[in-house]
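Content type mmCIF, C-alpha atoms and all ligand atoms, from the file data-v2.cif:
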```cif
data_input
#
loop_
_atom_site.group_PDB
_atom_site.id
_atom_site.type_symbol
_atom_site.label_atom_id
_atom_site.label_comp_id
_atom_site.auth_asym_id
_atom_site.auth_seq_id
_atom_site.Cartn_x
_atom_site.Cartn_y
_atom_site.Cartn_z
ATOM 1 C CA ARG A 14 23.625 -4.035 10.145
ATOM 2 C CA ASN A 15 23.104 -0.550 11.418
ATOM 3 C CA LEU A 16 19.539 0.198 10.431
ATOM 4 C CA THR A 17 19.260 3.380 12.444
ATOM 5 C CA ALA A 18 22.140 4.936 10.557
ATOM 6 C CA ARG A 19 20.566 3.816 7.291
ATOM 7 C CA ALA A 20 17.262 5.386 8.285
ATOM 8 C CA ASP A 21 18.937 8.646 9.224
ATOM 9 C CA ALA A 22 20.488 8.802 5.784
ATOM 10 C CA VAL A 23 17.013 8.922 4.296
ATOM 11 C CA THR A 24 15.003 12.113 4.374
ATOM 12 C CA SER A 25 12.388 11.734 7.050
ATOM 13 C CA VAL A 26 9.999 14.608 7.545
ATOM 14 C CA GLY A 27 7.920 15.127 10.647
ATOM 15 C CA ALA A 28 10.193 13.555 13.230
ATOM 16 C CA SER A 29 7.991 12.118 15.927
ATOM 17 C CA SER A 30 8.322 10.013 19.034
ATOM 18 C CA ALA A 31 8.576 7.011 16.710
ATOM 19 C CA ALA A 32 11.598 8.542 15.000
ATOM 20 C CA ASP A 33 13.984 6.177 16.740
ATOM 21 C CA ALA A 34 12.043 3.038 15.957
ATOM 22 C CA THR A 35 13.115 0.778 13.109
ATOM 23 C CA PRO A 36 11.045 1.803 10.096
ATOM 24 C CA VAL A 37 8.400 -0.658 8.971
ATOM 25 C CA LEU A 38 9.549 0.012 5.411
ATOM 26 C CA LEU A 39 12.676 1.683 4.113
ATOM 27 C CA LEU A 40 13.387 2.307 0.455
ATOM 28 C CA ASP A 41 16.990 3.186 -0.259
ATOM 29 C CA ASN A 42 17.721 4.589 -3.702
ATOM 30 C CA ILE A 43 15.379 2.320 -5.642
ATOM 31 C CA ARG A 44 15.766 2.226 -9.404
ATOM 32 C CA LYS A 45 13.508 0.448 -11.868
ATOM 33 C CA SER A 46 13.320 0.630 -15.652
ATOM 34 C CA PHE A 47 11.189 -1.127 -18.234
ATOM 35 C CA GLY A 48 13.349 -1.303 -21.329
ATOM 36 C CA SER A 49 14.610 2.216 -21.874
ATOM 37 C CA THR A 50 11.883 3.778 -19.676
ATOM 38 C CA GLN A 51 13.303 4.743 -16.309
ATOM 39 C CA VAL A 52 10.249 4.622 -14.065
ATOM 40 C CA LEU A 53 11.885 4.918 -10.633
ATOM 41 C CA ARG A 54 15.112 6.927 -10.633
ATOM 42 C CA GLY A 55 16.401 6.799 -7.098
ATOM 43 C CA ILE A 56 13.532 6.624 -4.618
ATOM 44 C CA SER A 57 14.295 6.847 -0.908
ATOM 45 C CA PHE A 58 11.809 7.208 1.919
ATOM 46 C CA ASP A 59 10.688 5.311 4.948
ATOM 47 C CA ILE A 60 7.487 4.529 6.798
ATOM 48 C CA ARG A 61 7.401 4.500 10.577
ATOM 49 C CA PRO A 62 5.244 2.207 12.693
ATOM 50 C CA HIS A 63 1.546 3.215 12.563
ATOM 51 C CA GLU A 64 2.110 5.787 9.856
ATOM 52 C CA VAL A 65 -0.329 6.206 6.986
ATOM 53 C CA VAL A 66 1.583 7.453 3.949
ATOM 54 C CA ALA A 67 -0.268 8.576 0.826
ATOM 55 C CA LEU A 68 1.654 7.982 -2.384
ATOM 56 C CA LEU A 69 0.513 10.584 -4.885
ATOM 57 C CA GLY A 70 1.461 11.469 -8.432
ATOM 58 C CA PRO A 71 0.071 11.639 -11.934
ATOM 59 C CA SER A 72 -0.895 8.475 -13.791
ATOM 60 C CA GLY A 73 2.246 6.795 -15.042
ATOM 61 C CA SER A 74 4.447 8.329 -12.355
ATOM 62 C CA GLY A 75 5.391 4.906 -10.993
ATOM 63 C CA LYS A 76 3.151 4.460 -7.946
ATOM 64 C CA SER A 77 2.099 0.926 -8.862
ATOM 65 C CA THR A 78 5.614 -0.015 -9.935
ATOM 66 C CA LEU A 79 6.933 1.131 -6.572
ATOM 67 C CA MET A 80 4.314 -0.916 -4.742
ATOM 68 C CA LYS A 81 4.997 -3.971 -6.884
ATOM 69 C CA CYS A 82 8.683 -3.707 -6.015
ATOM 70 C CA VAL A 83 7.758 -3.678 -2.327
ATOM 71 C CA ASN A 84 5.508 -6.692 -2.832
ATOM 72 C CA LEU A 85 8.181 -8.494 -4.898
ATOM 73 C CA LEU A 86 5.945 -8.625 -7.970
ATOM 74 C CA GLU A 87 8.688 -6.636 -9.703
ATOM 75 C CA GLN A 88 12.402 -6.793 -9.086
ATOM 76 C CA VAL A 89 14.288 -3.559 -8.500
ATOM 77 C CA ASP A 90 17.272 -2.856 -10.752
ATOM 78 C CA ASP A 91 19.190 -1.165 -7.990
ATOM 79 C CA GLY A 92 18.784 -0.061 -4.381
ATOM 80 C CA GLN A 93 17.451 -1.858 -1.352
ATOM 81 C CA ILE A 94 14.088 -2.304 0.290
ATOM 82 C CA TRP A 95 13.965 -3.148 3.964
ATOM 83 C CA LEU A 96 10.895 -4.539 5.682
ATOM 84 C CA GLY A 97 11.776 -4.108 9.329
ATOM 85 C CA ASN A 98 15.174 -5.755 9.612
ATOM 86 C CA THR A 99 14.801 -7.829 6.447
ATOM 87 C CA ASP A 100 16.429 -6.775 3.191
ATOM 88 C CA ILE A 101 13.686 -8.009 0.874
ATOM 89 C CA THR A 102 15.744 -7.197 -2.236
ATOM 90 C CA ASP A 103 18.263 -9.826 -1.178
ATOM 91 C CA PRO A 104 17.763 -12.656 -3.699
ATOM 92 C CA ARG A 105 18.138 -15.184 -0.871
ATOM 93 C CA ALA A 106 15.152 -13.733 1.013
ATOM 94 C CA ASN A 107 12.155 -16.059 1.422
ATOM 95 C CA GLN A 108 9.513 -14.503 -0.813
ATOM 96 C CA ASP A 109 6.456 -16.264 0.619
ATOM 97 C CA ARG A 110 7.458 -15.342 4.145
ATOM 98 C CA ILE A 111 7.935 -11.717 3.110
ATOM 99 C CA ARG A 112 4.574 -11.631 1.333
ATOM 100 C CA ALA A 113 2.874 -12.897 4.500
ATOM 101 C CA ARG A 114 4.233 -9.769 6.208
ATOM 102 C CA ILE A 115 2.714 -7.405 3.618
ATOM 103 C CA GLY A 116 -1.000 -7.109 2.831
ATOM 104 C CA VAL A 117 -1.895 -5.919 -0.665
ATOM 105 C CA VAL A 118 -5.084 -4.656 -2.281
ATOM 106 C CA PHE A 119 -5.264 -3.489 -5.893
ATOM 107 C CA GLN A 120 -7.665 -1.341 -7.831
ATOM 108 C CA GLN A 121 -9.807 -4.198 -9.120
ATOM 109 C CA PHE A 122 -10.075 -7.898 -9.854
ATOM 110 C CA ASN A 123 -9.164 -8.670 -6.294
ATOM 111 C CA LEU A 124 -11.594 -11.528 -5.703
ATOM 112 C CA PHE A 125 -11.944 -14.778 -7.617
ATOM 113 C CA PRO A 126 -15.488 -14.719 -9.051
ATOM 114 C CA HIS A 127 -16.027 -18.485 -8.807
ATOM 115 C CA MET A 128 -15.215 -18.668 -5.103
ATOM 116 C CA SER A 129 -17.240 -17.695 -2.046
ATOM 117 C CA VAL A 130 -16.133 -14.800 0.123
ATOM 118 C CA LEU A 131 -14.841 -17.229 2.755
ATOM 119 C CA LYS A 132 -12.876 -19.193 0.179
ATOM 120 C CA ASN A 133 -11.420 -16.012 -1.276
ATOM 121 C CA VAL A 134 -10.313 -14.774 2.114
ATOM 122 C CA THR A 135 -8.790 -18.072 3.232
ATOM 123 C CA LEU A 136 -7.197 -19.241 -0.029
ATOM 124 C CA ALA A 137 -3.719 -17.706 0.226
ATOM 125 C CA ALA A 138 -3.439 -18.424 3.937
ATOM 126 C CA ILE A 139 -4.074 -22.112 3.231
ATOM 127 C CA LYS A 140 -2.291 -22.564 -0.112
ATOM 128 C CA VAL A 141 0.629 -20.178 0.227
ATOM 129 C CA HIS A 142 1.160 -19.877 3.958
ATOM 130 C CA HIS A 143 0.142 -23.466 4.804
ATOM 131 C CA TRP A 144 -2.367 -22.619 7.503
ATOM 132 C CA SER A 145 -4.878 -25.300 8.475
ATOM 133 C CA ARG A 146 -8.393 -24.776 7.126
ATOM 134 C CA ASP A 147 -9.736 -24.369 10.678
ATOM 135 C CA ARG A 148 -7.238 -21.700 11.561
ATOM 136 C CA ALA A 149 -7.794 -19.832 8.285
ATOM 137 C CA GLU A 150 -11.587 -19.982 8.527
ATOM 138 C CA SER A 151 -11.760 -18.826 12.115
ATOM 139 C CA ARG A 152 -9.419 -15.905 11.372
ATOM 140 C CA ALA A 153 -11.420 -15.057 8.220
ATOM 141 C CA LEU A 154 -14.747 -15.112 10.070
ATOM 142 C CA GLU A 155 -13.302 -12.898 12.788
ATOM 143 C CA LEU A 156 -12.159 -10.363 10.176
ATOM 144 C CA LEU A 157 -15.454 -10.525 8.262
ATOM 145 C CA ASP A 158 -17.298 -10.033 11.531
ATOM 146 C CA ARG A 159 -15.235 -6.942 12.263
ATOM 147 C CA ILE A 160 -16.325 -5.345 8.974
ATOM 148 C CA GLY A 161 -19.942 -6.442 9.278
ATOM 149 C CA MET A 162 -19.625 -8.977 6.447
ATOM 150 C CA ARG A 163 -19.804 -12.274 8.323
ATOM 151 C CA ALA A 164 -23.280 -12.948 6.966
ATOM 152 C CA LYS A 165 -21.810 -12.764 3.449
ATOM 153 C CA ALA A 166 -19.179 -15.454 4.027
ATOM 154 C CA GLY A 167 -21.018 -17.851 1.706
ATOM 155 C CA ALA A 168 -21.866 -15.245 -0.949
ATOM 156 C CA TYR A 169 -20.080 -14.938 -4.279
ATOM 157 C CA PRO A 170 -18.368 -11.689 -5.342
ATOM 158 C CA ASP A 171 -21.022 -10.787 -7.922
ATOM 159 C CA GLN A 172 -23.599 -10.793 -5.115
ATOM 160 C CA LEU A 173 -21.682 -7.996 -3.388
ATOM 161 C CA SER A 174 -21.350 -4.316 -4.227
ATOM 162 C CA GLY A 175 -17.949 -3.119 -5.445
ATOM 163 C CA GLY A 176 -17.415 -1.461 -2.090
ATOM 164 C CA GLN A 177 -18.177 -4.683 -0.238
ATOM 165 C CA GLN A 178 -15.810 -6.559 -2.555
ATOM 166 C CA GLN A 179 -12.989 -4.153 -1.795
ATOM 167 C CA ARG A 180 -13.665 -4.408 1.930
ATOM 168 C CA VAL A 181 -13.470 -8.197 1.649
ATOM 169 C CA ALA A 182 -10.201 -7.783 -0.272
ATOM 170 C CA ILE A 183 -8.846 -5.642 2.571
ATOM 171 C CA ALA A 184 -9.961 -8.250 5.098
ATOM 172 C CA ARG A 185 -8.134 -10.884 3.072
ATOM 173 C CA ALA A 186 -5.001 -8.721 3.036
ATOM 174 C CA LEU A 187 -5.155 -8.602 6.838
ATOM 175 C CA MET A 188 -5.340 -12.393 7.288
ATOM 176 C CA THR A 189 -1.700 -12.858 8.224
ATOM 177 C CA ASP A 190 -1.660 -9.762 10.426
ATOM 178 C CA PRO A 191 0.824 -7.984 8.134
ATOM 179 C CA GLU A 192 3.246 -5.330 9.296
ATOM 180 C CA LEU A 193 2.419 -3.190 6.280
ATOM 181 C CA LEU A 194 -0.680 -2.731 4.153
ATOM 182 C CA LEU A 195 -0.244 -1.636 0.518
ATOM 183 C CA LEU A 196 -3.370 -0.138 -1.025
ATOM 184 C CA ASP A 197 -3.048 0.672 -4.721
ATOM 185 C CA GLU A 198 -5.887 2.952 -5.856
ATOM 186 C CA ILE A 199 -8.418 0.721 -4.176
ATOM 187 C CA THR A 200 -11.309 3.106 -4.799
ATOM 188 C CA SER A 201 -10.489 4.146 -8.377
ATOM 189 C CA ALA A 202 -12.714 1.570 -10.038
ATOM 190 C CA LEU A 203 -15.670 2.118 -7.710
ATOM 191 C CA ASP A 204 -18.919 3.879 -8.292
ATOM 192 C CA PRO A 205 -18.467 7.235 -6.467
ATOM 193 C CA MET A 206 -21.299 6.279 -4.112
ATOM 194 C CA LEU A 207 -19.251 3.335 -2.829
ATOM 195 C CA VAL A 208 -15.951 5.103 -2.263
ATOM 196 C CA GLY A 209 -16.878 6.335 1.207
ATOM 197 C CA GLU A 210 -17.412 2.940 2.826
ATOM 198 C CA VAL A 211 -13.999 1.747 1.647
ATOM 199 C CA LEU A 212 -12.215 4.896 2.797
ATOM 200 C CA SER A 213 -13.995 4.612 6.150
ATOM 201 C CA MET A 214 -12.519 1.163 6.544
ATOM 202 C CA VAL A 215 -9.053 2.567 5.831
ATOM 203 C CA ALA A 216 -9.629 5.280 8.437
ATOM 204 C CA GLU A 217 -10.738 2.604 10.898
ATOM 205 C CA LEU A 218 -7.551 0.606 10.265
ATOM 206 C CA LYS A 219 -5.496 3.734 10.799
ATOM 207 C CA SER A 220 -7.178 4.309 14.146
ATOM 208 C CA GLN A 221 -6.235 0.735 15.094
ATOM 209 C CA GLY A 222 -2.585 1.510 14.336
ATOM 210 C CA THR A 223 -2.187 -0.259 10.992
ATOM 211 C CA THR A 224 0.825 0.929 8.987
ATOM 212 C CA ILE A 225 -0.346 1.807 5.481
ATOM 213 C CA LEU A 226 1.137 2.911 2.160
ATOM 214 C CA MET A 227 -1.679 3.948 -0.152
ATOM 215 C CA ALA A 228 -1.556 5.184 -3.718
ATOM 216 C CA THR A 229 -4.638 7.282 -4.264
ATOM 217 C CA HIS A 230 -6.219 10.124 -6.185
ATOM 218 C CA GLU A 231 -8.643 10.796 -3.309
ATOM 219 C CA MET A 232 -6.958 14.051 -2.375
ATOM 220 C CA SER A 233 -9.270 15.113 0.407
ATOM 221 C CA PHE A 234 -8.887 11.715 2.065
ATOM 222 C CA ALA A 235 -5.090 11.924 1.707
ATOM 223 C CA HIS A 236 -5.200 15.408 3.157
ATOM 224 C CA ASP A 237 -7.298 14.450 6.159
ATOM 225 C CA ALA A 238 -6.212 10.879 6.885
ATOM 226 C CA ALA A 239 -2.561 10.572 5.870
ATOM 227 C CA ASP A 240 0.238 11.364 8.280
ATOM 228 C CA ARG A 241 2.534 12.006 5.379
ATOM 229 C CA VAL A 242 2.340 12.528 1.647
ATOM 230 C CA VAL A 243 4.966 11.392 -0.840
ATOM 231 C CA LEU A 244 4.594 12.917 -4.295
ATOM 232 C CA LEU A 245 6.220 11.140 -7.241
ATOM 233 C CA ARG A 246 7.150 13.028 -10.370
ATOM 234 C CA ARG A 247 9.226 11.821 -13.313
ATOM 235 C CA GLY A 248 10.675 8.967 -11.323
ATOM 236 C CA VAL A 249 11.814 10.900 -8.292
ATOM 237 C CA ILE A 250 10.231 12.121 -5.061
ATOM 238 C CA ALA A 251 9.128 15.682 -5.648
ATOM 239 C CA GLU A 252 7.696 16.160 -2.162
ATOM 240 C CA ASN A 253 7.737 14.284 1.135
ATOM 241 C CA GLY A 254 6.004 15.949 4.062
ATOM 242 C CA THR A 255 2.818 16.372 6.001
ATOM 243 C CA PRO A 256 -0.347 16.800 3.909
ATOM 244 C CA ARG A 257 -0.372 20.438 4.897
ATOM 245 C CA GLU A 258 3.241 21.032 3.907
ATOM 246 C CA VAL A 259 2.896 19.296 0.568
ATOM 247 C CA MET A 260 -0.691 19.971 -0.466
ATOM 248 C CA ASP A 261 -1.299 23.439 0.982
ATOM 249 C CA GLU A 262 2.031 25.114 1.530
ATOM 250 C CA SER A 263 4.463 23.889 -1.133
ATOM 251 C CA GLU A 264 6.133 26.708 -3.059
ATOM 252 C CA ASP A 265 6.966 24.411 -5.958
ATOM 253 C CA PRO A 266 4.962 25.531 -9.030
ATOM 254 C CA GLU A 267 4.545 22.006 -10.415
ATOM 255 C CA THR A 268 3.351 20.723 -7.056
ATOM 256 C CA ARG A 269 0.840 23.547 -6.776
ATOM 257 C CA GLU A 270 -0.341 22.934 -10.313
ATOM 258 C CA PHE A 271 -0.782 19.217 -9.611
ATOM 259 C CA PHE A 272 -2.974 19.776 -6.561
ATOM 260 C CA ALA A 273 -4.876 22.611 -8.236
ATOM 261 C CA HIS A 274 -6.384 19.992 -10.587
ATOM 262 C CA PHE A 275 -8.150 18.362 -7.698
ATOM 263 C CA ARG A 276 -9.728 21.471 -6.196
HETATM 264 P P1 LIG B 301 1.116 4.733 -11.827
HETATM 265 O O1 LIG B 301 0.707 3.592 -10.951
HETATM 266 O O2 LIG B 301 1.657 5.906 -11.058
HETATM 267 O O3 LIG B 301 0.022 5.160 -12.757
HETATM 268 P P2 LIG B 301 2.812 2.767 -13.112
HETATM 269 O O4 LIG B 301 3.778 2.311 -12.081
HETATM 270 O O5 LIG B 301 1.667 1.888 -13.415
HETATM 271 O O6 LIG B 301 2.333 4.245 -12.737
HETATM 272 O O7 LIG B 301 3.573 3.017 -14.468
HETATM 273 C C1 LIG B 301 4.743 3.804 -14.548
HETATM 274 C C2 LIG B 301 5.335 3.695 -15.939
HETATM 275 O O8 LIG B 301 5.882 2.393 -16.116
HETATM 276 C C3 LIG B 301 4.347 3.916 -17.071
HETATM 277 O O9 LIG B 301 5.014 4.593 -18.089
HETATM 278 C C4 LIG B 301 4.008 2.500 -17.478
HETATM 279 O O10 LIG B 301 3.642 2.467 -18.840
HETATM 280 C C5 LIG B 301 5.320 1.775 -17.252
HETATM 281 N N1 LIG B 301 5.152 0.347 -16.931
HETATM 282 C C6 LIG B 301 4.558 -0.147 -15.819
HETATM 283 N N2 LIG B 301 4.608 -1.499 -15.804
HETATM 284 C C7 LIG B 301 5.240 -1.864 -16.957
HETATM 285 C C8 LIG B 301 5.620 -3.116 -17.541
HETATM 286 N N3 LIG B 301 5.354 -4.280 -16.911
HETATM 287 N N4 LIG B 301 6.265 -3.098 -18.707
HETATM 288 C C9 LIG B 301 6.560 -1.928 -19.330
HETATM 289 N N5 LIG B 301 6.256 -0.723 -18.836
HETATM 290 C C10 LIG B 301 5.604 -0.675 -17.665
HETATM 291 MG MG MG B 302 -1.102 2.652 -10.646
#
```

Final structure tokens representation of the file:
Amino acid sequence: RNLTARADAVTSVGASSAADATPVLLLDNIRKSFGSTQVLRGISFDIRPHEVVALLGPSGSGKSTLMKCVNLLEQVDDGQIWLGNTDITDPRANQDRIRARIGVVFQQFNLFPHMSVLKNVTLAAIKVHHWSRDRAESRALELLDRIGMRAKAGAYPDQLSGGQQQRVAIARALMTDPELLLLDEITSALDPMLVGEVLSMVAELKSQGTTILMATHEMSFAHDAADRVVLLRRGVIAENGTPREVMDESEDPETREFFAHFR
């Protein structure tokens, strides 16, 4: 399969030195409807290694649906999604193996309340990916240590702040050293005071080279931390460019109107 040719067929703004590399993620003309509602109507873009891409758009524009398609929680109706060299929309693809290559954090309800932090972080690695308990626990403690949460390994979620819970959820998503991290409005349910510590962790991951697709309404974070912004509108990509190009310099009246709400 000629992936490079496929990638070239997709609009890719901000060509960089990584432009020749196989994309970490490539969406090729994705379509998804629920009943008669066409939510995604031909979505194509790619994410290069180490890129942080902010997925923006009004509520209901399909950000979560897009991410669920990437994580195989929803099936696309048409189009292909490539994770590296794997066509993950191929029905023969091994779903558990693909999920181990993608870390996911949602808006809320990420941790099981009746399980300790350590248990939460190790559960999928042990049950889904068949790691030994020793391997899972040592990896989990290493990740918790990195975010200053090792001392909380035995705590339960309700003993943590919402920000700490989301940071643990991110640590859990990193267990299998995924190629791609999907963050779906991970700060939207947080007390405003706690948003900063979670966004700082995302910035830290970016500086370590983690490839990230994040749906967010934190416009100043998207502006300052994202390499690229993809704006969804009515099921299609309205904008795909650098934060500056899309958020500051777009001539499109609807785009300008959308960002004006957040000023
Ligand atoms: P966003 O994350 O941008 O707010 P969503 O992807 O959650 O948008 O939703 C996009 C549209 O798809 C909305 O109109 C929503 O009501 C609809 N939708 C999402 N999931 C389902 C579902 N499982 N069944 C029916 N409609 C859905
Ligand atoms: Mg959503």

Neighbours of ligand LIG 301 (chain B) within 12 Å, counting only C-alpha atoms and all ligand atoms, as a ChimeraX atom specification? /A:44-54,68-82,86-88,119-120,196-199,201,227-230,244-249

Okay, now the selection with C-alpha atoms, as a compact mmCIF listing (two decimals), in the coordinates of the input?
```
# COMPACT_ATOMS: atom_id res chain seq x y z
CA ARG A 44 15.77 2.23 -9.40
CA LYS A 45 13.51 0.45 -11.87
CA SER A 46 13.32 0.63 -15.65
CA PHE A 47 11.19 -1.13 -18.23
CA GLY A 48 13.35 -1.30 -21.33
CA SER A 49 14.61 2.22 -21.87
CA THR A 50 11.88 3.78 -19.68
CA GLN A 51 13.30 4.74 -16.31
CA VAL A 52 10.25 4.62 -14.06
CA LEU A 53 11.88 4.92 -10.63
CA ARG A 54 15.11 6.93 -10.63
CA LEU A 68 1.65 7.98 -2.38
CA LEU A 69 0.51 10.58 -4.88
CA GLY A 70 1.46 11.47 -8.43
CA PRO A 71 0.07 11.64 -11.93
CA SER A 72 -0.90 8.48 -13.79
CA GLY A 73 2.25 6.80 -15.04
CA SER A 74 4.45 8.33 -12.36
CA GLY A 75 5.39 4.91 -10.99
CA LYS A 76 3.15 4.46 -7.95
CA SER A 77 2.10 0.93 -8.86
CA THR A 78 5.61 -0.02 -9.94
CA LEU A 79 6.93 1.13 -6.57
CA MET A 80 4.31 -0.92 -4.74
CA LYS A 81 5.00 -3.97 -6.88
CA CYS A 82 8.68 -3.71 -6.02
CA LEU A 86 5.94 -8.62 -7.97
CA GLU A 87 8.69 -6.64 -9.70
CA GLN A 88 12.40 -6.79 -9.09
CA PHE A 119 -5.26 -3.49 -5.89
CA GLN A 120 -7.66 -1.34 -7.83
CA LEU A 196 -3.37 -0.14 -1.02
CA ASP A 197 -3.05 0.67 -4.72
CA GLU A 198 -5.89 2.95 -5.86
CA ILE A 199 -8.42 0.72 -4.18
CA SER A 201 -10.49 4.15 -8.38
CA MET A 227 -1.68 3.95 -0.15
CA ALA A 228 -1.56 5.18 -3.72
CA THR A 229 -4.64 7.28 -4.26
CA HIS A 230 -6.22 10.12 -6.18
CA LEU A 244 4.59 12.92 -4.30
CA LEU A 245 6.22 11.14 -7.24
CA ARG A 246 7.15 13.03 -10.37
CA ARG A 247 9.23 11.82 -13.31
CA GLY A 248 10.68 8.97 -11.32
CA VAL A 249 11.81 10.90 -8.29
```

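The coordinates place CA of Leu96 (chain A) at 8.2 Å from CA of Ile111 (chain A).
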
Selection result for the PyMOL selection byres (((chain A and resi 157-164) around 12) and not hetatm) on this file, as number ranges by chain: A: 129-131, 133-135, 150-156, 165-169, 173-174, 176-188, 210-211, 213-215, 217-218

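With only C-alpha atoms and all ligand atoms as the atoms that count, the minimum distance from ligand MG 302 (chain B) to the choices A:Ala113, A:Ala202, A:Ile94, A:Leu85 is reached by A:Ala202.
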
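With all atoms listed in the file as the basis for measurement, A:Thr200 is the residue among A:Gln93, A:Asn253, A:Thr200, A:Asn98 that approaches ligand MG 302 (chain B) most closely.
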
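Restricting the calculation to all atoms listed in the file, the smallest distance between ligand MG 302 (chain B) and any of A:Leu194, A:Val118, A:Ala238, A:Ala34 is found for A:Val118.
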
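Here the residues that fall within 7 Å of (3.7, -5.2, 0.2), using only C-alpha atoms, are given as Met80, Val83, Asn84, Arg112, Ile115, Gly116, Val117, Leu193, Leu194 and Leu195 of chain A.
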
Would you work out the distance separating CA of Leu39 (chain A) from CA of Thr99 (chain A), expressed in Å to one decimal? 10.0 Å

Run through the PyMOL selection byres (((chain A and resi 92) around 9) and not hetatm) on the given coordinates and return the selected residues as a list in words. Leu40, Asp41, Asn42, Ile43, Arg44, Gly55, Ile56, Ser57, Val89, Asp90, Asp91, Gln93, Ile94 and Thr102 of chain A

Taking 2 positions as the minimum chain separation for residues in the same chain, which residues sit within 9 Å of Glu252 (chain A) when counting all atoms listed in the file? Answer as a short mmCIF file (atom, residue, chain, number, x, y, z; two decimals) with C-alpha atoms, in the frame of the given file.
```cif
data_model
loop_
_atom_site.label_atom_id
_atom_site.label_comp_id
_atom_site.auth_asym_id
_atom_site.auth_seq_id
_atom_site.Cartn_x
_atom_site.Cartn_y
_atom_site.Cartn_z
CA VAL A 242 2.34 12.53 1.65
CA VAL A 243 4.97 11.39 -0.84
CA LEU A 244 4.59 12.92 -4.30
CA LEU A 245 6.22 11.14 -7.24
CA ARG A 246 7.15 13.03 -10.37
CA ILE A 250 10.23 12.12 -5.06
CA GLY A 254 6.00 15.95 4.06
CA GLU A 258 3.24 21.03 3.91
CA VAL A 259 2.90 19.30 0.57
CA SER A 263 4.46 23.89 -1.13
CA THR A 268 3.35 20.72 -7.06
#
```

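In this structure, CA of Val65 (chain A) sits 5.8 Å away from CA of Thr224 (chain A).
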
Nearby residues (all atoms listed in the file) at most 8 Å from region 233-236 of chain A, same-chain spacing under 6 positions excluded, as a PyMOL selection string: chain A and resi 67+212+242+256-257+260

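The closest residue to ligand MG 302 (chain B), picked from A:Gln121, A:Thr35, A:Ile101, A:Ala106 and counting all atoms listed in the file, is A:Gln121.
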
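Comparing A:Ala251, A:Lys219, A:Asp237, A:Asp103 by their smallest distance to Glu264 (chain A), the closest is A:Ala251 (using only C-alpha atoms).
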
Per-axis box centre and lengths in Å around region 182-186 of chain A, 8 Å margin per side, axis-aligned, as JSON:
```
{"center_x": -7.6, "center_y": -8.3, "center_z": 2.4, "size_x": 21.2, "size_y": 21.2, "size_z": 21.4}
```
